[in-house]
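Data file: run_0.pdb. Format and content: PDB, C-alpha atoms.
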```pdb
ATOM      1  CA  MET A   1     262.250 244.895 132.947
ATOM      2  CA  ALA A   2     261.225 241.761 134.837
ATOM      3  CA  GLU A   3     263.660 238.848 135.210
ATOM      4  CA  ILE A   4     263.337 235.347 136.619
ATOM      5  CA  GLU A   5     265.809 232.469 136.969
ATOM      6  CA  ILE A   6     264.628 228.868 136.646
ATOM      7  CA  PHE A   7     266.440 225.575 137.230
ATOM      8  CA  SER A   8     266.168 223.411 134.111
ATOM      9  CA  PRO A   9     266.833 219.801 135.183
ATOM     10  CA  ALA A  10     268.316 217.026 133.113
ATOM     11  CA  LYS A  11     266.247 213.855 132.906
ATOM     12  CA  ILE A  12     266.932 210.196 132.553
ATOM     13  CA  ASN A  13     264.745 207.718 130.695
ATOM     14  CA  LEU A  14     263.621 204.949 133.020
ATOM     15  CA  THR A  15     261.851 203.248 130.139
ATOM     16  CA  LEU A  16     261.370 204.065 126.484
ATOM     17  CA  ALA A  17     259.278 202.079 124.020
ATOM     18  CA  ILE A  18     258.669 202.981 120.392
ATOM     19  CA  THR A  19     255.103 201.900 119.671
ATOM     20  CA  SER A  20     254.555 202.804 116.001
ATOM     21  CA  LYS A  21     255.671 204.996 113.120
ATOM     22  CA  ARG A  22     253.393 207.909 112.235
ATOM     23  CA  ALA A  23     252.470 209.144 108.761
ATOM     24  CA  ASP A  24     254.704 212.209 109.280
ATOM     25  CA  GLY A  25     257.777 210.003 109.709
ATOM     26  CA  PHE A  26     258.043 210.483 113.483
ATOM     27  CA  HIS A  27     257.433 207.695 116.000
ATOM     28  CA  ASP A  28     254.860 207.372 118.747
ATOM     29  CA  LEU A  29     256.478 206.360 121.989
ATOM     30  CA  VAL A  30     255.808 205.669 125.623
ATOM     31  CA  SER A  31     258.396 206.999 128.009
ATOM     32  CA  LEU A  32     258.853 207.273 131.748
ATOM     33  CA  VAL A  33     261.407 209.881 132.758
ATOM     34  CA  ALA A  34     262.766 211.190 136.033
ATOM     35  CA  PRO A  35     264.398 214.574 136.630
ATOM     36  CA  VAL A  36     267.834 214.604 138.240
ATOM     37  CA  ALA A  37     269.408 217.183 140.542
ATOM     38  CA  PHE A  38     271.702 218.360 137.768
ATOM     39  CA  GLY A  39     270.869 220.790 135.033
ATOM     40  CA  ASP A  40     271.024 224.179 133.386
ATOM     41  CA  ARG A  41     270.113 227.619 134.710
ATOM     42  CA  VAL A  42     267.755 229.630 132.532
ATOM     43  CA  ARG A  43     267.193 233.359 133.034
ATOM     44  CA  VAL A  44     264.311 235.034 131.267
ATOM     45  CA  SER A  45     263.904 238.819 131.051
ATOM     46  CA  VAL A  46     260.826 240.505 129.637
ATOM     47  CA  ASP A  47     260.891 244.066 128.313
ATOM     48  CA  ARG A  48     257.349 245.351 127.718
ATOM     49  CA  ASP A  49     258.710 248.044 125.396
ATOM     50  CA  GLY A  50     260.846 245.608 123.396
ATOM     51  CA  SER A  51     260.022 243.134 120.683
ATOM     52  CA  GLY A  52     261.187 239.713 119.567
ATOM     53  CA  VAL A  53     263.336 237.064 121.188
ATOM     54  CA  SER A  54     267.063 237.056 121.879
ATOM     55  CA  LEU A  55     269.197 234.341 123.445
ATOM     56  CA  THR A  56     272.716 234.107 124.857
ATOM     57  CA  SER A  57     274.604 231.215 126.423
ATOM     58  CA  ASP A  58     277.933 230.345 127.962
ATOM     59  CA  CYS A  59     278.028 227.342 125.574
ATOM     60  CA  GLN A  60     279.481 228.184 122.160
ATOM     61  CA  ASP A  61     277.898 225.094 120.576
ATOM     62  CA  LEU A  62     274.351 226.042 121.559
ATOM     63  CA  PRO A  63     272.242 227.662 118.816
ATOM     64  CA  VAL A  64     271.234 231.194 119.835
ATOM     65  CA  ASP A  65     268.557 231.653 117.188
ATOM     66  CA  ALA A  66     265.294 230.014 116.103
ATOM     67  CA  GLY A  67     267.164 226.691 115.978
ATOM     68  CA  ASN A  68     266.972 226.629 119.782
ATOM     69  CA  ILE A  69     263.937 225.045 121.472
ATOM     70  CA  ALA A  70     263.911 227.691 124.240
ATOM     71  CA  TRP A  71     263.807 230.455 121.609
ATOM     72  CA  ARG A  72     260.941 228.751 119.778
ATOM     73  CA  ALA A  73     259.053 228.247 123.050
ATOM     74  CA  ALA A  74     259.239 231.986 123.824
ATOM     75  CA  GLU A  75     258.301 232.936 120.270
ATOM     76  CA  SER A  76     255.298 230.577 120.290
ATOM     77  CA  PHE A  77     254.187 231.850 123.701
ATOM     78  CA  LEU A  78     254.255 235.480 122.576
ATOM     79  CA  ARG A  79     252.454 234.672 119.322
ATOM     80  CA  ALA A  80     249.781 232.462 120.940
ATOM     81  CA  LEU A  81     248.887 235.124 123.485
ATOM     82  CA  ASP A  82     249.353 238.031 121.062
ATOM     83  CA  ILE A  83     251.856 239.704 123.397
ATOM     84  CA  ALA A  84     254.057 242.487 122.063
ATOM     85  CA  ALA A  85     257.171 242.394 124.245
ATOM     86  CA  GLY A  86     260.840 241.596 124.074
ATOM     87  CA  VAL A  87     262.104 238.398 125.684
ATOM     88  CA  HIS A  88     265.763 237.745 126.422
ATOM     89  CA  ILE A  89     266.846 234.236 127.405
ATOM     90  CA  GLU A  90     270.194 233.410 128.982
ATOM     91  CA  ILE A  91     271.163 229.750 129.347
ATOM     92  CA  GLU A  92     273.965 228.566 131.634
ATOM     93  CA  LYS A  93     274.584 225.179 130.018
ATOM     94  CA  ARG A  94     275.587 222.226 132.195
ATOM     95  CA  ILE A  95     273.642 219.444 130.461
ATOM     96  CA  PRO A  96     275.815 218.172 127.572
ATOM     97  CA  ILE A  97     274.285 218.812 124.155
ATOM     98  CA  GLY A  98     273.134 215.610 122.441
ATOM     99  CA  ALA A  99     273.637 213.422 125.506
ATOM    100  CA  GLY A 100     270.036 212.216 125.611
ATOM    101  CA  LEU A 101     269.423 213.981 128.913
ATOM    102  CA  GLY A 102     266.632 216.244 127.644
ATOM    103  CA  GLY A 103     268.468 219.545 127.982
ATOM    104  CA  GLY A 104     266.806 221.287 125.046
ATOM    105  CA  SER A 105     263.253 220.338 125.958
ATOM    106  CA  SER A 106     263.906 221.126 129.617
ATOM    107  CA  ASN A 107     265.182 224.589 128.609
ATOM    108  CA  GLY A 108     262.043 225.135 126.514
ATOM    109  CA  ALA A 109     259.816 224.120 129.424
ATOM    110  CA  ALA A 110     261.772 226.415 131.774
ATOM    111  CA  VAL A 111     261.167 229.371 129.447
ATOM    112  CA  LEU A 112     257.438 228.620 129.340
ATOM    113  CA  ARG A 113     257.306 228.380 133.156
ATOM    114  CA  ALA A 114     259.163 231.679 133.456
ATOM    115  CA  LEU A 115     256.892 233.490 131.002
TER     116      LEU A 115
END
```

As structure tokens, what does this structure read like?
Amino acid sequence: MAEIEIFSPAKINLTLAITSKRADGFHDLVSLVAPVAFGDRVRVSVDRDGSGVSLTSDCQDLPVDAGNIAWRAAESFLRALDIAAGVHIEIEKRIPIGAGLGGGSSNGAAVLRAL
């Protein structure tokens, strides 16, 4: 089993402008962000003989199923590349959930970098 640990930084918005509303109900936006030296730790383990995605965290409020962006990132990666393996994600949460600091998307990006 291979394992890697990745720093998953928080980010701050330096500027954020909503430019229009799309037909799907979401908004187009222009944003300039900067990472900060504060964030989560994400560990990703791959088991070539396993299957599916699992996730654990030290944060009880963090979803540990397909409701988590990191989980969905791993699932999409495996599906897109037609890889049959098990992926376990462990998130040490330091970025507050819902604080607007990009923790979820940063965790998802960290999983993709690790894979």

Residue members of the PyMOL selection byres ((chain A and resi 33-47) around 9) in the file shown, as a compact mmCIF listing (two decimals) with C-alpha atoms, in the frame of the given file:
```txt
# COMPACT_ATOMS: atom_id res chain seq x y z
CA MET A 1 262.25 244.90 132.95
CA ALA A 2 261.23 241.76 134.84
CA GLU A 3 263.66 238.85 135.21
CA ILE A 4 263.34 235.35 136.62
CA GLU A 5 265.81 232.47 136.97
CA ILE A 6 264.63 228.87 136.65
CA PHE A 7 266.44 225.58 137.23
CA SER A 8 266.17 223.41 134.11
CA PRO A 9 266.83 219.80 135.18
CA ALA A 10 268.32 217.03 133.11
CA LYS A 11 266.25 213.86 132.91
CA ILE A 12 266.93 210.20 132.55
CA ASN A 13 264.74 207.72 130.70
CA LEU A 14 263.62 204.95 133.02
CA THR A 15 261.85 203.25 130.14
CA LEU A 16 261.37 204.06 126.48
CA SER A 31 258.40 207.00 128.01
CA LEU A 32 258.85 207.27 131.75
CA ARG A 48 257.35 245.35 127.72
CA ASP A 49 258.71 248.04 125.40
CA GLY A 50 260.85 245.61 123.40
CA SER A 51 260.02 243.13 120.68
CA ALA A 85 257.17 242.39 124.24
CA GLY A 86 260.84 241.60 124.07
CA VAL A 87 262.10 238.40 125.68
CA HIS A 88 265.76 237.74 126.42
CA ILE A 89 266.85 234.24 127.40
CA GLU A 90 270.19 233.41 128.98
CA ILE A 91 271.16 229.75 129.35
CA GLU A 92 273.96 228.57 131.63
CA LYS A 93 274.58 225.18 130.02
CA ARG A 94 275.59 222.23 132.20
CA ILE A 95 273.64 219.44 130.46
CA GLY A 103 268.47 219.54 127.98
CA SER A 106 263.91 221.13 129.62
CA ASN A 107 265.18 224.59 128.61
CA ALA A 110 261.77 226.42 131.77
CA VAL A 111 261.17 229.37 129.45
CA ALA A 114 259.16 231.68 133.46
CA LEU A 115 256.89 233.49 131.00
```

Quick one: distance from CA of Pro63 in chain A to CA of Arg22 in chain A in Å, one decimal? 28.1 Å

Write out as lines of an AutoDock Vina configuration file an axis-aligned box for range 15-34 of chain A: all of its atoms listed in the file, 6 Å added on each side, centre and edge lengths in Å with one decimal.
```
center_x = 257.6
center_y = 207.1
center_z = 122.4
size_x = 22.3
size_y = 22.3
size_z = 39.3
```

Exactly which residues make up the result of the PyMOL selection byres ((chain A and resi 65-68) around 12) on this file, given as a ChimeraX atom specification? /A:52-57,61-64,69-76,88-91,97,103-108,111

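Separating CA of Ala109 in chain A from CA of Phe26 in chain A is a distance of 21.1 Å.
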